[in-house]
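Below: one structure, written as structure tokens.
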Amino acid sequence: EPLEDKQALLDFLLRMPHSRLLNWAPNTQCCSWIGITCNADRTRVVALRLPGVGLSGSIPSNTLGRLSALQTLSLRKNRISGPFPSDFTKLGNLTSLYLQYNKLHGALPLDLSVWQNLVVLNLSNNEFNGTIPPSISNVTHLTTLDLSSNSLLGQIPNFNLPNLQFLNLSNNHLNGTLPHSLLRYPSSAFFGNNISSEVSIPPLPSPLPPSSQSHSSNRFSESALLGIVLSSCAIGFMMIALLMLFCCSNKERDRNDGLKPRKGKTTKKKKRVPTETQEERDGRITFFEGSTLAFDLEDLLRASAEVLGKGTFGTTYKAALEDSTTVVVKRLKEVSVGKRDFEQLMEVVGNLRHENVAALRAYYYSKEEKLMVYDYFSRGSLSTLLHGKRGQNRAPLDWETRLKIVIGAARGIAHIHTQNGGKLVHGNIKSSNIFLNSENYGCVSDLGLATIVTPLAPPIQRIIGYRAPEVSDPRKATQACDVYSFGVLVLELLTGKTPLGEGIHLVRWVNSVVREEWTAEVFDVELLRHPNIEEEMVTMLQLGMTCADRVPDRRPKMSDVVQMVEDIRRGDSRIGTGTYPSSEVSTPTLASLSHLVEVGSVSGTPQ
Ligand SMILES: Nc1ncnc2c1ncn2[C@@H]1O[C@H](COP(=O)(O)OP(=O)(O)OP(=O)(O)O)[C@@H](O)[C@H]1O
């Protein structure tokens with residue numbers, strides 16, 4: 001690992017107060033620290049991104065300036081104060097510098113040409129004063145320059161940056177006339193300054209050949225009249241255009257402020273309050289320990305997103321962040337509890353760490369938005385793996401894989417049931433909420449939401465599929481309900497049938513097939529290809545049916561279920577020997593299952 005860079009980072013953090021807990025421990029690899037990206041051979045740190053982590057005070061000298069290979073530096077939305085860190089001018093490889101929304105003041109560095117590779121420079125929403133250094137014209141690769149909402153003074157230098165696509169100098173104290181080279185940018189880029197609107201209009205071409213102009217006369221010649229009419233039209237058009245741009249810029253500002261409640265419409269520059277406001281606190285994402293992600297709401301909102309699906313509680317997106325990490329963002333609707341209860345649940349869920357439970361990395365709560373952020377599982381959910389298009393794109397799930405999924409899911413749910421004083425309920429166990437962890441064991445996601453979110457009017461199948469028959473209000477689901485849903489999941493894995501469709505009630509269907517002694521017909525044809533797994537499959541079927549018992553008290557506890565599935569794995573099929581009321585069989589066979597239904601230990605009656 002890059003030891004010198006690591007030391008520079010540690011020196012920086014040691015002297016820089018911050019509010020978010022960062023995992024920068026000296027005895028760990030710095031390339032896996034929050035906000036750090038190394039190059040491919042892990043010899044240098046190339047990106048440092050710590051937006052919105054509550055950094056305060058000035059950047060200590062001789063720290064970040066030592067990261068000479070740094071290409072991206074993003075410290076936006078902190079409370080960094082002091083003058084522009086002169087060390088940053090040593091970072092000659094920088095391509096992107098984001099320092100917006102801090103409290104930096106004083107002059108901008110005089111010689112900006114040190115950043116020959118800089119593509120993005122965003123210093124907006126600070127307290128910089130002084131003039132815009134003319135050396136900006138040497139930063140020829142710039143595509144984005146945002147110096148808006150500072151206190152910059154003087155005339156805008158006449159810079160002509162060929163690649164510059166986005167320019168924002170609005171809300172400063174700039175004055176003078178707009179240089180010619182900048183006429184191509186919209187007027188919103190200069191709004192809120194004292195820049196003369198007298199843009200120099202290029203001279204109109206003479207409507208007549210020069211010879212006729214020499215004719216002096218007391219009255220207006222035809223050509224002079226034509227000239228006056230054309231010039232008036234041009235000025236008229238220009239004024240209308242300026243007016244429209246002015247309106248657009250206001251609209252744009254309204255849109256940009258959209259997520260923050262506006263406190264009255266004003267065209268005056270908003271002065272930043274020195275202490276942290278409620279608005280700033282509201283705008284912050286809460287990260288949980290162990291998360292190596294570093295982003296803020298702005299990042300999330302501008303990340304390119306793809307809808308993964310609309311679920312019971314809202315819409316789920318896959319979002320690609322600036323640093324090329326991919327996260328999953330769940331946008332909740334209709335949260336039926338207040339901020340405090342919501343945060344309390346997030347704390348329980350976010351601090352739960354188990355290899356079979358998908359980690360909640362971060363959440364965001366405001367009046368308008370409630371977001372939850374998870375890692376992205378690129379292989380998709382169990383639902384996709386099992387029911388995705390059967391054909392060339394879908395590899396059949398063999399018995400080994402299915403067994404590991406059941407074991408993982410059982411362990412995950414059992415662990416959830418030990419949390420919050422043994423009271424935590426998942427509330428929404430189903431195959432679209434089960435993923436595969438790095439070891440290919442099942443990993444449970446989406447826990448706890450059922451208890452705080454009012455479901456979006458769900459299609460009827462969603463209700464009947466996994467939900468225990470005793471549940472009428474999902475917010476009152478119990479751990480026994482999770483056991484029932486787990487049972488349905490097991491039956492789904494064995495049959496390859498989705499409990500949500502095909503016009504069948506999976507539990508009833510399995511019971512009826514078993515009762516009719518057609519048990520072999522129950523199993524997914526993909527499984528029947530594998531030799532010597534019949535006994536394990538039958539034991540598993542028995543387990544699924546026991547968990548999906550109509551009577552809650554007859555369902556086993558999740559900790560017992562773990563024991564049973566692990567026994568199946570070990571080839572030790574002892575279902576029925578536990579303390580829960582189940583079957584009397586010790587070596588299950590297909591025929592023995594029908595006996596099970598007949599003696600009534602598993603409900604074969606409609607539920
Ligand atoms: N972390 C993730 N990684 C990859 N895909 C995900 C992730 N979380 C959810 N998905 C997928 O996104 C889709 C929508 O998920 P969402 O949880 O919103 O709805 P659902 O699982 O269909 O229903 P419910 O809201 O009842 O859980 C589902 O196909 C789900 O499998």
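Each chain in the structure tokens gets a letter, A, B, ..., in the order shown, and its residues are numbered from 1; ligands are numbered from 1 in order too.
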| task | Please identify the residues whose atoms come within 6 Å of ligand 1, using only C-alpha atoms and all ligand atoms, and report them as a list in words. | result | Leu308, Gly309, Lys310, Gly311, Thr312, Phe313, Gly314, Thr315, Thr316, Val328, Tyr374, Asp375, Tyr376, Phe377, Ser378, Gly380, Ser381, Ser432 and Asn433 of chain A
If you keep C-alpha atoms, can you produce a file of those selected residues as a compact mmCIF listing (two decimals), in the first residue's frame?
# COMPACT_ATOMS: atom_id res chain seq x y z
CA LEU A 308 -34.83 -1.93 -10.33
CA GLY A 309 -38.42 -2.24 -9.38
CA LYS A 310 -41.40 -0.90 -7.52
CA GLY A 311 -41.97 -2.81 -4.34
CA THR A 312 -44.39 -2.77 -1.47
CA PHE A 313 -42.76 0.23 0.16
CA GLY A 314 -41.60 2.38 -2.71
CA THR A 315 -39.21 2.33 -5.62
CA THR A 316 -35.75 0.80 -5.67
CA VAL A 328 -29.00 0.52 -4.30
CA TYR A 374 -27.60 -0.81 0.36
CA ASP A 375 -24.80 -2.53 -1.50
CA TYR A 376 -25.74 -3.66 -4.96
CA PHE A 377 -26.00 -7.43 -5.48
CA SER A 378 -24.99 -7.82 -9.09
CA GLY A 380 -29.79 -10.28 -8.59
CA SER A 381 -32.23 -11.70 -6.10
CA SER A 432 -36.95 -10.86 -4.13
CA ASN A 433 -35.46 -9.94 -0.75
| request: Using DSSP on the backbone, list every residue of stretch 474-540 of chain A that comes out as alpha helix (DSSP H), and give them as a VMD selection string. | output: chain A and resid 479 to 495 506 to 515 525 to 528 534 to 540
Take the residues from that selection and write them out as a tab-separated table (two decimals), in the first residue's frame, keeping C-alpha atoms.
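As a result, again.tsv now contains:
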chain	number	residue	atom	x	y	z
A	479	GLN	CA	-41.44	-13.70	14.34
A	480	ALA	CA	-43.80	-16.66	13.78
A	481	CYS	CA	-44.98	-14.86	10.62
A	482	ASP	CA	-41.36	-14.73	9.42
A	483	VAL	CA	-41.12	-18.49	10.00
A	484	TYR	CA	-44.22	-19.00	7.84
A	485	SER	CA	-42.78	-16.82	5.04
A	486	PHE	CA	-39.49	-18.71	5.31
A	487	GLY	CA	-41.46	-21.95	4.90
A	488	VAL	CA	-43.03	-20.57	1.71
A	489	LEU	CA	-39.57	-19.59	0.50
A	490	VAL	CA	-38.33	-23.15	1.06
A	491	LEU	CA	-41.30	-24.53	-0.89
A	492	GLU	CA	-40.57	-22.02	-3.65
A	493	LEU	CA	-36.97	-23.22	-3.87
A	494	LEU	CA	-38.03	-26.85	-4.01
A	495	THR	CA	-40.86	-26.47	-6.49
A	506	LEU	CA	-48.18	-22.55	-3.12
A	507	VAL	CA	-48.66	-23.93	0.38
A	508	ARG	CA	-52.07	-25.36	-0.44
A	509	TRP	CA	-50.82	-26.77	-3.69
A	510	VAL	CA	-47.84	-28.52	-2.07
A	511	ASN	CA	-50.11	-29.92	0.63
A	512	SER	CA	-52.59	-31.24	-1.87
A	513	VAL	CA	-49.94	-32.86	-4.06
A	514	VAL	CA	-48.37	-34.52	-1.05
A	515	ARG	CA	-51.77	-35.65	0.22
A	525	VAL	CA	-37.73	-30.53	-12.82
A	526	GLU	CA	-34.32	-28.90	-12.71
A	527	LEU	CA	-33.67	-30.70	-9.42
A	528	LEU	CA	-34.77	-34.09	-10.58
A	534	GLU	CA	-34.14	-37.26	-2.96
A	535	GLU	CA	-33.81	-37.78	0.76
A	536	GLU	CA	-32.46	-34.29	1.36
A	537	MET	CA	-35.17	-32.77	-0.79
A	538	VAL	CA	-37.90	-34.63	1.03
A	539	THR	CA	-36.54	-33.57	4.41
A	540	MET	CA	-36.39	-30.01	3.20
Write out as a tab-separated table (two decimals) with C-alpha atoms, in the first residue's frame the residues lying within 7 Å of stretch 94-101 of chain A, counting only C-alpha atoms and excluding same-chain residues fewer than 4 positions away.
chain	number	residue	atom	x	y	z
A	70	LEU	CA	-4.16	12.79	-6.45
A	71	GLN	CA	-6.54	13.28	-9.36
A	72	THR	CA	-9.85	13.84	-7.59
A	73	LEU	CA	-10.24	15.83	-4.43
A	74	SER	CA	-13.75	16.32	-3.12
A	75	LEU	CA	-14.27	17.92	0.28
A	76	ARG	CA	-17.53	19.61	-0.51
A	77	LYS	CA	-20.30	20.28	2.00
A	78	ASN	CA	-18.12	20.39	5.09
A	115	TRP	CA	-3.40	22.66	-12.54
A	117	ASN	CA	-4.96	18.74	-16.06
A	118	LEU	CA	-7.87	20.26	-14.20
A	119	VAL	CA	-11.22	19.52	-15.81
A	120	VAL	CA	-13.66	20.45	-13.03
A	121	LEU	CA	-13.19	23.30	-10.56
A	122	ASN	CA	-16.01	23.97	-8.14
A	123	LEU	CA	-15.34	26.53	-5.40
A	124	SER	CA	-18.91	27.80	-5.19
A	125	ASN	CA	-20.74	28.68	-1.97
A	126	ASN	CA	-17.70	29.74	0.01
| message | When you count only C-alpha atoms, which of these residues is closest to A:Asn160: A:Ile434, A:Met372, A:Leu145, A:Leu182? | response | A:Leu182
| request: Would you list, as a PyMOL selection string, the residues of stretch 36-131 of chain A that end up in strand (DSSP E) under DSSP run on this structure's backbone? | output: chain A and resi 36-38+45-49+56-57+72-74+79-83+96-98+103-106+120-122+127-128
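Summary of the local environment: counting only C-alpha atoms, residues at most 8 Å from stretch 4-17 of chain A, other than itself and those fewer than 3 positions away along its chain, are Trp24, Pro26, Cys30, Arg44, Val45, Gly54, Leu55, Ser56, Gly57, Ser58, Ile59, Pro60, Asn62, Thr63, Leu64, Arg66 and Leu67 of chain A.
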Using only C-alpha atoms, please write the residues we just selected to a file, as a PDB file, in the first residue's frame.
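Contents of the output file part39.pdb:
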ATOM      1  CA  TRP A  24      -8.946   5.306   8.902  1.00  0.00           C
ATOM      2  CA  PRO A  26      -3.303   3.022  10.921  1.00  0.00           C
ATOM      3  CA  CYS A  30      -5.572   2.806   3.398  1.00  0.00           C
ATOM      4  CA  ARG A  44      -0.691   5.664  -4.865  1.00  0.00           C
ATOM      5  CA  VAL A  45      -3.851   7.349  -3.628  1.00  0.00           C
ATOM      6  CA  GLY A  54     -18.390  17.363   9.043  1.00  0.00           C
ATOM      7  CA  LEU A  55     -14.751  18.368   8.532  1.00  0.00           C
ATOM      8  CA  SER A  56     -14.158  21.684  10.244  1.00  0.00           C
ATOM      9  CA  GLY A  57     -11.304  24.158  10.601  1.00  0.00           C
ATOM     10  CA  SER A  58      -8.560  24.892   8.078  1.00  0.00           C
ATOM     11  CA  ILE A  59      -6.824  22.218   6.066  1.00  0.00           C
ATOM     12  CA  PRO A  60      -3.574  21.550   7.936  1.00  0.00           C
ATOM     13  CA  ASN A  62       1.825  19.859   4.518  1.00  0.00           C
ATOM     14  CA  THR A  63      -0.764  17.075   4.633  1.00  0.00           C
ATOM     15  CA  LEU A  64      -2.970  16.673   1.559  1.00  0.00           C
ATOM     16  CA  ARG A  66       1.811  15.420  -0.187  1.00  0.00           C
ATOM     17  CA  LEU A  67      -0.685  13.308  -2.135  1.00  0.00           C
TER      18      LEU A  67
END
Hey, which bits of stretch 280-369 of chain A sit within 6 Å of stretch 443-453 of chain A, and for each residue what's the closest pair of atoms and how far apart in Å (one decimal), counting only C-alpha atoms, rows by chain and increasing number, as JSON lines?
{"residue": "A:Glu334", "atom": "CA", "partner": "A:Val453", "partner_atom": "CA", "distance": 5.9}
{"residue": "A:Val335", "atom": "CA", "partner": "A:Val453", "partner_atom": "CA", "distance": 4.4}
{"residue": "A:Ser336", "atom": "CA", "partner": "A:Val453", "partner_atom": "CA", "distance": 5.3}
{"residue": "A:Val337", "atom": "CA", "partner": "A:Ile452", "partner_atom": "CA", "distance": 5.9}
{"residue": "A:Asn356", "atom": "CA", "partner": "A:Cys443", "partner_atom": "CA", "distance": 4.1}
{"residue": "A:Val357", "atom": "CA", "partner": "A:Val444", "partner_atom": "CA", "distance": 4.6}
{"residue": "A:Ala358", "atom": "CA", "partner": "A:Ser445", "partner_atom": "CA", "distance": 4.9}
| said: At a cut-off of 7 Å, using only C-alpha atoms, what residues contact stretch 84-88 of chain A? Leave out same-chain residues fewer than 3 positions from it and give the result as a PyMOL selection string. | reply: chain A and resi 59+61-62+65+91+104-105+108
Mind writing the picked residues with C-alpha atoms as a PDB file, in the first residue's frame?
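Written out: again34.pdb:
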ATOM      1  CA  ILE A  59      -6.824  22.218   6.066  1.00  0.00           C
ATOM      2  CA  SER A  61      -0.559  22.476   5.856  1.00  0.00           C
ATOM      3  CA  ASN A  62       1.825  19.859   4.518  1.00  0.00           C
ATOM      4  CA  GLY A  65      -0.374  18.528  -0.520  1.00  0.00           C
ATOM      5  CA  LEU A  91      -1.354  18.782  -6.665  1.00  0.00           C
ATOM      6  CA  LEU A 104     -13.180  29.144   2.780  1.00  0.00           C
ATOM      7  CA  HIS A 105     -12.306  32.809   2.470  1.00  0.00           C
ATOM      8  CA  LEU A 108      -8.071  32.540  -4.913  1.00  0.00           C
TER       9      LEU A 108
END
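With only C-alpha atoms as the atoms that count, the minimum distance from A:Pro157 to the choices A:Thr144, A:Thr131, A:Asn171, A:Ser19 is reached by A:Thr131.
Across A:Gly130, A:Gly92, A:Pro396, A:Gly388, the tightest approach to A:Val114 is made by A:Gly92 when counting only C-alpha atoms.
Among the candidates A:Phe191, A:Phe288, A:Phe295, A:Phe159, the residue lying nearest to A:Leu21 is A:Phe288 (atoms considered: only C-alpha atoms).
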